[in-house]
Amino acid sequence: MATPQLAKGDPLLCSSDQVGQCALCHAKCHRYGPGGNPLCLSCLVDVEAGRTKQPVAR
């Protein structure tokens with residue numbers, strides 16, 4: 001059986017006082033302290049993908 005790999009930003013890799021809920025999906029993530037982000041990694045990827053879309057010309 002393979003050991004699961006922890007992703008960067010995984011709440012298990014930081015101390016419990018730095019864990020909080022994602023601002024969009026409310027999953028546990030590394031929210032506070034150094035390296036913290038208000039979004040979990042999956043929501044951050046979605047937001048960044050949305051930023052790169054070109055505006056629709058009218």
# chains A, B, ... in the order shown; residues from 1 in each chain; ligands from 1

call {"tool": "residues_around", "arguments": {"residues": "Ser42 (chain A)", "least_positions_apart": "2", "cutoff": "10 Å", "atoms": "only C-alpha atoms", "output": "PyMOL selection string"}}
result
chain A and resi 22+25+27+39-40+44-47

call {"tool": "residues_around", "arguments": {"residues": "Gly33 (chain A)", "least_positions_apart": "4", "cutoff": "12 Å", "atoms": "only C-alpha atoms", "output": "count of residues only"}}
result
12

call {"tool": "atom_distance", "arguments": {"atom1": "CA of Arg51 (chain A)", "atom2": "CA of His26 (chain A)"}}
result
21.3 Å

call {"tool": "select_by_dssp", "arguments": {"residues": "region 4-53 of chain A", "states": "strand (DSSP E or B)", "output": "PDB file with N, CA, C and O atoms, in the first residue's frame"}}
result
ATOM      1  N   VAL A  19      -3.817  26.590  11.380  1.00  0.00           N
ATOM      2  CA  VAL A  19      -4.837  25.958  10.554  1.00  0.00           C
ATOM      3  C   VAL A  19      -6.138  26.732  10.677  1.00  0.00           C
ATOM      4  O   VAL A  19      -6.530  27.161  11.756  1.00  0.00           O
ATOM      5  N   GLY A  20      -6.803  26.922   9.556  1.00  0.00           N
ATOM      6  CA  GLY A  20      -8.095  27.592   9.539  1.00  0.00           C
ATOM      7  C   GLY A  20      -8.905  27.069   8.381  1.00  0.00           C
ATOM      8  O   GLY A  20      -8.491  26.150   7.673  1.00  0.00           O
ATOM      9  N   GLN A  21     -10.054  27.650   8.152  1.00  0.00           N
ATOM     10  CA  GLN A  21     -10.920  27.224   7.064  1.00  0.00           C
ATOM     11  C   GLN A  21     -10.678  28.064   5.824  1.00  0.00           C
ATOM     12  O   GLN A  21     -10.486  29.275   5.902  1.00  0.00           O
ATOM     13  N   LYS A  28     -10.092  22.556   5.725  1.00  0.00           N
ATOM     14  CA  LYS A  28      -8.966  22.948   6.564  1.00  0.00           C
ATOM     15  C   LYS A  28      -7.753  23.208   5.684  1.00  0.00           C
ATOM     16  O   LYS A  28      -7.473  22.462   4.751  1.00  0.00           O
ATOM     17  N   CYS A  29      -7.046  24.305   5.981  1.00  0.00           N
ATOM     18  CA  CYS A  29      -5.850  24.644   5.219  1.00  0.00           C
ATOM     19  C   CYS A  29      -4.907  25.450   6.098  1.00  0.00           C
ATOM     20  O   CYS A  29      -5.267  25.891   7.189  1.00  0.00           O
ATOM     21  N   HIS A  30      -3.682  25.641   5.621  1.00  0.00           N
ATOM     22  CA  HIS A  30      -2.677  26.459   6.314  1.00  0.00           C
ATOM     23  C   HIS A  30      -3.047  27.911   6.037  1.00  0.00           C
ATOM     24  O   HIS A  30      -2.672  28.477   5.030  1.00  0.00           O
TER      25      HIS A  30
END

call {"tool": "decode", "arguments": {"residues": "region 7-53 of chain A", "atoms": "C-alpha atoms", "output": "PDB file, in the first residue's frame"}}
result
ATOM      1  CA  ALA A   7       0.867  18.504  -0.499  1.00  0.00           C
ATOM      2  CA  LYS A   8       2.569  21.826   0.192  1.00  0.00           C
ATOM      3  CA  GLY A   9       0.160  23.879   2.263  1.00  0.00           C
ATOM      4  CA  ASP A  10      -1.383  20.775   3.794  1.00  0.00           C
ATOM      5  CA  PRO A  11      -2.734  21.618   7.265  1.00  0.00           C
ATOM      6  CA  LEU A  12      -0.917  18.576   8.667  1.00  0.00           C
ATOM      7  CA  LEU A  13       2.434  20.223   7.893  1.00  0.00           C
ATOM      8  CA  CYS A  14       1.888  23.302  10.060  1.00  0.00           C
ATOM      9  CA  SER A  15       1.154  23.816  13.725  1.00  0.00           C
ATOM     10  CA  SER A  16      -2.480  23.670  14.824  1.00  0.00           C
ATOM     11  CA  ASP A  17      -2.623  27.409  15.577  1.00  0.00           C
ATOM     12  CA  GLN A  18      -1.984  28.126  11.867  1.00  0.00           C
ATOM     13  CA  VAL A  19      -4.837  25.958  10.554  1.00  0.00           C
ATOM     14  CA  GLY A  20      -8.095  27.592   9.539  1.00  0.00           C
ATOM     15  CA  GLN A  21     -10.920  27.224   7.064  1.00  0.00           C
ATOM     16  CA  CYS A  22     -10.604  28.077   3.377  1.00  0.00           C
ATOM     17  CA  ALA A  23     -12.503  31.273   2.575  1.00  0.00           C
ATOM     18  CA  LEU A  24     -14.338  29.575  -0.315  1.00  0.00           C
ATOM     19  CA  CYS A  25     -14.903  25.880   0.436  1.00  0.00           C
ATOM     20  CA  HIS A  26     -14.277  25.861   4.224  1.00  0.00           C
ATOM     21  CA  ALA A  27     -11.802  22.965   4.039  1.00  0.00           C
ATOM     22  CA  LYS A  28      -8.966  22.948   6.564  1.00  0.00           C
ATOM     23  CA  CYS A  29      -5.850  24.644   5.219  1.00  0.00           C
ATOM     24  CA  HIS A  30      -2.677  26.459   6.314  1.00  0.00           C
ATOM     25  CA  ARG A  31      -4.337  29.848   6.722  1.00  0.00           C
ATOM     26  CA  TYR A  32      -2.331  31.764   9.325  1.00  0.00           C
ATOM     27  CA  GLY A  33       1.350  32.504   9.926  1.00  0.00           C
ATOM     28  CA  PRO A  34       4.270  32.294   7.497  1.00  0.00           C
ATOM     29  CA  GLY A  35       3.205  30.698   4.222  1.00  0.00           C
ATOM     30  CA  GLY A  36      -0.471  30.904   5.098  1.00  0.00           C
ATOM     31  CA  ASN A  37      -3.159  31.639   2.553  1.00  0.00           C
ATOM     32  CA  PRO A  38      -6.903  32.332   2.958  1.00  0.00           C
ATOM     33  CA  LEU A  39      -7.580  29.749   0.212  1.00  0.00           C
ATOM     34  CA  CYS A  40      -6.829  26.021   0.146  1.00  0.00           C
ATOM     35  CA  LEU A  41      -4.651  24.802  -2.715  1.00  0.00           C
ATOM     36  CA  SER A  42      -7.530  23.531  -4.857  1.00  0.00           C
ATOM     37  CA  CYS A  43      -9.433  26.834  -4.570  1.00  0.00           C
ATOM     38  CA  LEU A  44      -6.240  28.808  -5.187  1.00  0.00           C
ATOM     39  CA  VAL A  45      -5.658  26.888  -8.434  1.00  0.00           C
ATOM     40  CA  ASP A  46      -9.220  27.661  -9.557  1.00  0.00           C
ATOM     41  CA  VAL A  47      -8.867  31.372  -8.747  1.00  0.00           C
ATOM     42  CA  GLU A  48      -5.507  31.640 -10.525  1.00  0.00           C
ATOM     43  CA  ALA A  49      -6.938  29.855 -13.580  1.00  0.00           C
ATOM     44  CA  GLY A  50      -9.767  32.383 -13.666  1.00  0.00           C
ATOM     45  CA  ARG A  51      -7.319  35.284 -13.557  1.00  0.00           C
ATOM     46  CA  THR A  52      -5.510  34.161 -16.691  1.00  0.00           C
ATOM     47  CA  LYS A  53      -8.659  34.158 -18.848  1.00  0.00           C
TER      48      LYS A  53
END
